[in-house]
$ cat target.tsv   # TSV, N, CA and C atoms
chain	number	residue	atom	x	y	z
Z	1	MET	N	-43.39	43.89	9.74
Z	1	MET	CA	-43.96	45.07	10.32
Z	1	MET	C	-45.06	44.66	11.29
Z	2	LYS	N	-45.25	45.43	12.32
Z	2	LYS	CA	-46.24	45.13	13.34
Z	2	LYS	C	-47.42	46.08	13.20
Z	3	ALA	N	-48.63	45.58	13.29
Z	3	ALA	CA	-49.83	46.41	13.27
Z	3	ALA	C	-50.10	46.91	14.68
Z	4	VAL	N	-50.41	48.21	14.78
Z	4	VAL	CA	-50.67	48.85	16.06
Z	4	VAL	C	-51.95	49.65	15.94
Z	5	THR	N	-52.78	49.59	16.96
Z	5	THR	CA	-54.01	50.38	16.99
Z	5	THR	C	-53.79	51.58	17.89
Z	6	ILE	N	-54.14	52.76	17.39
Z	6	ILE	CA	-54.02	53.97	18.20
Z	6	ILE	C	-55.37	54.70	18.20
Z	7	THR	N	-55.57	55.54	19.18
Z	7	THR	CA	-56.76	56.38	19.21
Z	7	THR	C	-56.30	57.83	19.11
Z	8	MET	N	-57.12	58.63	18.41
Z	8	MET	CA	-56.82	60.05	18.26
Z	8	MET	C	-58.12	60.80	18.05
Z	9	PRO	N	-58.12	62.07	18.32
Z	9	PRO	CA	-59.32	62.87	18.08
Z	9	PRO	C	-59.69	62.85	16.59
Z	10	GLU	N	-60.99	62.94	16.31
Z	10	GLU	CA	-61.47	62.88	14.92
Z	10	GLU	C	-60.83	63.97	14.06
Z	11	GLU	N	-60.65	65.17	14.62
Z	11	GLU	CA	-60.06	66.26	13.85
Z	11	GLU	C	-58.62	65.93	13.44
Z	12	LEU	N	-57.85	65.35	14.36
Z	12	LEU	CA	-56.48	64.97	14.05
Z	12	LEU	C	-56.45	63.88	12.99
Z	13	ASP	N	-57.38	62.93	13.08
Z	13	ASP	CA	-57.47	61.88	12.07
Z	13	ASP	C	-57.78	62.48	10.70
Z	14	ALA	N	-58.69	63.44	10.66
Z	14	ALA	CA	-59.04	64.08	9.38
Z	14	ALA	C	-57.84	64.84	8.82
Z	15	GLN	N	-57.10	65.53	9.69
Z	15	GLN	CA	-55.90	66.25	9.24
Z	15	GLN	C	-54.85	65.28	8.71
Z	16	ALA	N	-54.67	64.16	9.41
Z	16	ALA	CA	-53.70	63.16	8.98
Z	16	ALA	C	-54.10	62.58	7.64
Z	17	ALA	N	-55.38	62.28	7.47
Z	17	ALA	CA	-55.86	61.72	6.20
Z	17	ALA	C	-55.63	62.71	5.06
Z	18	ALA	N	-55.92	63.99	5.30
Z	18	ALA	CA	-55.73	65.00	4.27
Z	18	ALA	C	-54.26	65.16	3.89
Z	19	GLU	N	-53.40	65.16	4.89
Z	19	GLU	CA	-51.96	65.31	4.62
Z	19	GLU	C	-51.42	64.09	3.90
Z	20	ALA	N	-51.86	62.91	4.29
Z	20	ALA	CA	-51.43	61.68	3.62
Z	20	ALA	C	-51.86	61.70	2.14
Z	21	ARG	N	-53.10	62.13	1.88
Z	21	ARG	CA	-53.56	62.24	0.49
Z	21	ARG	C	-52.71	63.25	-0.28
Z	22	ARG	N	-52.44	64.38	0.35
Z	22	ARG	CA	-51.63	65.41	-0.30
Z	22	ARG	C	-50.25	64.88	-0.69
Z	23	LEU	N	-49.66	64.07	0.20
Z	23	LEU	CA	-48.33	63.51	-0.04
Z	23	LEU	C	-48.37	62.25	-0.90
Z	24	GLY	N	-49.57	61.69	-1.08
Z	24	GLY	CA	-49.70	60.46	-1.87
Z	24	GLY	C	-49.21	59.22	-1.13
Z	25	ILE	N	-49.39	59.23	0.20
Z	25	ILE	CA	-48.97	58.09	1.02
Z	25	ILE	C	-50.13	57.68	1.92
Z	26	SER	N	-49.98	56.55	2.59
Z	26	SER	CA	-51.01	56.10	3.53
Z	26	SER	C	-50.88	56.86	4.86
Z	27	LYS	N	-51.95	56.84	5.65
Z	27	LYS	CA	-51.88	57.43	6.99
Z	27	LYS	C	-50.82	56.69	7.82
Z	28	SER	N	-50.74	55.39	7.62
Z	28	SER	CA	-49.73	54.63	8.37
Z	28	SER	C	-48.33	55.13	8.07
Z	29	GLU	N	-48.04	55.39	6.79
Z	29	GLU	CA	-46.72	55.90	6.42
Z	29	GLU	C	-46.51	57.29	7.00
Z	30	LEU	N	-47.53	58.12	6.98
Z	30	LEU	CA	-47.44	59.46	7.56
Z	30	LEU	C	-47.09	59.38	9.04
Z	31	ILE	N	-47.76	58.49	9.76
Z	31	ILE	CA	-47.52	58.33	11.19
Z	31	ILE	C	-46.12	57.76	11.43
Z	32	ARG	N	-45.69	56.79	10.61
Z	32	ARG	CA	-44.31	56.26	10.74
Z	32	ARG	C	-43.29	57.37	10.56
Z	33	ARG	N	-43.51	58.21	9.54
Z	33	ARG	CA	-42.58	59.32	9.30
Z	33	ARG	C	-42.57	60.30	10.47
Z	34	GLY	N	-43.74	60.57	11.02
Z	34	GLY	CA	-43.82	61.47	12.17
Z	34	GLY	C	-43.08	60.92	13.37
Z	35	LEU	N	-43.25	59.63	13.63
Z	35	LEU	CA	-42.54	59.02	14.75
Z	35	LEU	C	-41.04	59.01	14.51
Z	36	ALA	N	-40.63	58.72	13.27
Z	36	ALA	CA	-39.21	58.70	12.95
Z	36	ALA	C	-38.59	60.08	13.15
Z	37	ALA	N	-39.38	61.13	12.94
Z	37	ALA	CA	-38.86	62.49	13.08
Z	37	ALA	C	-38.62	62.88	14.54
Z	38	VAL	N	-39.34	62.26	15.47
Z	38	VAL	CA	-39.21	62.65	16.87
Z	38	VAL	C	-38.45	61.65	17.73
Z	39	LEU	N	-38.26	60.43	17.23
Z	39	LEU	CA	-37.54	59.41	18.00
Z	39	LEU	C	-36.09	59.35	17.56
Z	40	PRO	N	-35.19	58.97	18.47
Z	40	PRO	CA	-33.79	58.83	18.08
Z	40	PRO	C	-33.65	57.74	17.02
Z	41	ALA	N	-32.72	57.95	16.12
Z	41	ALA	CA	-32.46	56.95	15.09
Z	41	ALA	C	-31.88	55.69	15.74
Z	42	VAL	N	-32.41	54.55	15.37
Z	42	VAL	CA	-31.93	53.28	15.93
Z	42	VAL	C	-31.59	52.35	14.78
Z	43	GLU	N	-30.43	51.74	14.87
Z	43	GLU	CA	-30.01	50.76	13.87
Z	43	GLU	C	-30.85	49.50	14.06
Z	44	PRO	N	-31.63	49.10	13.04
Z	44	PRO	CA	-32.58	48.00	13.21
Z	44	PRO	C	-31.96	46.68	13.70
Z	45	GLU	N	-30.81	46.30	13.16
Z	45	GLU	CA	-30.23	45.00	13.52
Z	45	GLU	C	-29.71	44.96	14.95
Z	46	SER	N	-29.04	46.03	15.37
Z	46	SER	CA	-28.38	46.00	16.67
Z	46	SER	C	-29.12	46.76	17.76
Z	47	GLY	N	-30.01	47.66	17.37
Z	47	GLY	CA	-30.68	48.48	18.36
Z	47	GLY	C	-29.83	49.63	18.85
Z	48	ASN	N	-28.65	49.84	18.22
Z	48	ASN	CA	-27.78	50.93	18.64
Z	48	ASN	C	-28.38	52.28	18.29
Z	49	ASP	N	-28.29	53.21	19.22
Z	49	ASP	CA	-28.77	54.58	18.99
Z	49	ASP	C	-27.78	55.26	18.05
Z	50	LEU	N	-28.27	55.75	16.92
Z	50	LEU	CA	-27.40	56.38	15.93
Z	50	LEU	C	-27.40	57.91	16.02
Z	51	SER	N	-28.20	58.50	16.90
Z	51	SER	CA	-28.33	59.96	16.91
Z	51	SER	C	-27.00	60.65	17.18
Z	52	GLY	N	-26.11	60.07	17.96
Z	52	GLY	CA	-24.81	60.67	18.21
Z	52	GLY	C	-23.88	60.60	17.03
Z	53	ASN	N	-24.19	59.76	16.04
Z	53	ASN	CA	-23.36	59.62	14.86
Z	53	ASN	C	-23.89	60.42	13.68
Z	54	ASN	N	-24.88	61.26	13.89
Z	54	ASN	CA	-25.48	62.02	12.82
Z	54	ASN	C	-24.67	63.30	12.61
Z	55	LEU	N	-23.94	63.35	11.50
Z	55	LEU	CA	-23.05	64.49	11.24
Z	55	LEU	C	-23.80	65.81	11.23
Z	56	TRP	N	-24.99	65.84	10.63
Z	56	TRP	CA	-25.75	67.09	10.56
Z	56	TRP	C	-26.14	67.56	11.95
Z	57	TYR	N	-26.51	66.64	12.84
Z	57	TYR	CA	-26.84	67.04	14.21
Z	57	TYR	C	-25.61	67.60	14.90
Z	58	GLU	N	-24.46	66.97	14.68
Z	58	GLU	CA	-23.25	67.46	15.32
Z	58	GLU	C	-22.84	68.82	14.78
Z	59	LEU	N	-22.98	69.02	13.47
Z	59	LEU	CA	-22.65	70.31	12.89
Z	59	LEU	C	-23.57	71.40	13.40
Z	60	ALA	N	-24.82	71.04	13.66
Z	60	ALA	CA	-25.78	72.01	14.17
Z	60	ALA	C	-25.67	72.20	15.68
Z	61	GLY	N	-24.84	71.38	16.34
Z	61	GLY	CA	-24.65	71.49	17.78
Z	61	GLY	C	-25.57	70.61	18.59
Z	62	PHE	N	-26.22	69.64	17.96
Z	62	PHE	CA	-27.11	68.73	18.66
Z	62	PHE	C	-26.47	67.36	18.76
Z	63	GLY	N	-26.64	66.72	19.88
Z	63	GLY	CA	-26.25	65.32	20.01
Z	63	GLY	C	-24.80	65.08	20.32
Z	64	SER	N	-23.95	66.07	20.23
Z	64	SER	CA	-22.54	65.86	20.51
Z	64	SER	C	-22.25	66.30	21.94
Z	65	PRO	N	-21.73	65.39	22.76
Z	65	PRO	CA	-21.45	65.75	24.15
Z	65	PRO	C	-20.31	66.75	24.28
Z	66	ASP	N	-19.51	66.96	23.22
Z	66	ASP	CA	-18.37	67.88	23.27
Z	66	ASP	C	-18.77	69.32	23.03
Z	67	VAL	N	-20.01	69.55	22.60
Z	67	VAL	CA	-20.45	70.91	22.29
Z	67	VAL	C	-20.87	71.61	23.57
Z	68	SER	N	-20.36	72.82	23.76
Z	68	SER	CA	-20.70	73.62	24.92
Z	68	SER	C	-21.37	74.90	24.45
Z	69	ILE	N	-22.28	75.40	25.26
Z	69	ILE	CA	-22.92	76.67	24.92
Z	69	ILE	C	-22.52	77.78	25.89
Z	70	GLU	N	-21.45	77.57	26.61
Z	70	GLU	CA	-20.95	78.58	27.53
Z	70	GLU	C	-20.43	79.77	26.72
Z	71	PRO	N	-20.93	80.99	27.00
Z	71	PRO	CA	-20.48	82.16	26.22
Z	71	PRO	C	-18.98	82.34	26.22
Z	72	SER	N	-18.32	82.10	27.33
Z	72	SER	CA	-16.87	82.31	27.38
Z	72	SER	C	-16.15	81.34	26.45
Z	73	GLU	N	-16.64	80.12	26.33
Z	73	GLU	CA	-16.01	79.17	25.42
Z	73	GLU	C	-16.23	79.56	23.97
Z	74	ILE	N	-17.41	80.05	23.67
Z	74	ILE	CA	-17.69	80.50	22.30
Z	74	ILE	C	-16.81	81.69	21.97
Z	75	ASP	N	-16.69	82.65	22.91
Z	75	ASP	CA	-15.84	83.81	22.68
Z	75	ASP	C	-14.39	83.39	22.44
Z	76	ASP	N	-13.91	82.43	23.23
Z	76	ASP	CA	-12.53	81.94	23.05
Z	76	ASP	C	-12.33	81.40	21.65
Z	77	ILE	N	-13.29	80.66	21.15
Z	77	ILE	CA	-13.16	80.07	19.83
Z	77	ILE	C	-13.28	81.13	18.74
Z	78	VAL	N	-14.28	81.99	18.87
Z	78	VAL	CA	-14.53	83.00	17.82
Z	78	VAL	C	-13.47	84.10	17.82
Z	79	TYR	N	-13.14	84.61	19.01
Z	79	TYR	CA	-12.25	85.76	19.10
Z	79	TYR	C	-10.82	85.40	19.49
Z	80	GLY	N	-10.57	84.14	19.81
Z	80	GLY	CA	-9.23	83.70	20.14
Z	80	GLY	C	-8.70	84.23	21.46
Z	81	HIS	N	-9.58	84.45	22.43
Z	81	HIS	CA	-9.15	84.95	23.75
Z	81	HIS	C	-8.52	83.88	24.56
$ encode --input "target.tsv" --output "C-alpha cells"
Amino acid sequence: MKAVTITMPEELDAQAAAEARRLGISKSELIRRGLAAVLPAVEPESGNDLSGNNLWYELAGFGSPDVSIEPSEIDDIVYGH
C-alpha cells in the first residue's frame, strides 16, 4: 500500500473522523472506500477496467454500451410496436 498525503478543510476532516469512528474503521479506510465508490473498478493485476462487466450496473442500465434511452426503443420493447 502507498501512503498519500492530502489536504482538506478542518470541518471535512472532523466529519470524516466522526464517520470513521461510527463505522469502527480508520479515516484511511473511509477515504479508500469513498474513492472506490466513485472510481471505476480496476482489476489489480492487469489494470483492466471492470465497470463494463458489472452485472448490477448493466441491469440498472449503467455501463453497457448496448443500452439506449431513446423513448421509441423503450416503447418498442415494452409495447411490442
$ atom_distance --input "target.tsv" --atom1 "CA of Thr7 in chain Z" --atom2 "CA of Gly24 in chain Z"
22.6 Å
$ atom_distance --input "target.tsv" --atom1 "CA of Ala36 in chain Z" --atom2 "CA of Thr5 in chain Z"
17.5 Å
$ atom_distance --input "target.tsv" --atom1 "CA of Asp13 in chain Z" --atom2 "atom C of Val38 in chain Z"
19.8 Å
$ axis_aligned_box --input "target.tsv" --around "range 30-35 of chain Z" --padding-each-side "5 Å" --output "lines of an AutoDock Vina configuration file"
center_x = -44.4
center_y = 58.9
center_z = 10.9
size_x = 16.7
size_y = 15.2
size_z = 17.8
$ residues_near_point --input "target.tsv" --point "(-53.9, 60.2, 10.4)" --cutoff "9 Å" --atoms "only C-alpha atoms" --output "PyMOL selection string"
chain Z and resi 8+12-20+26-28+30-31
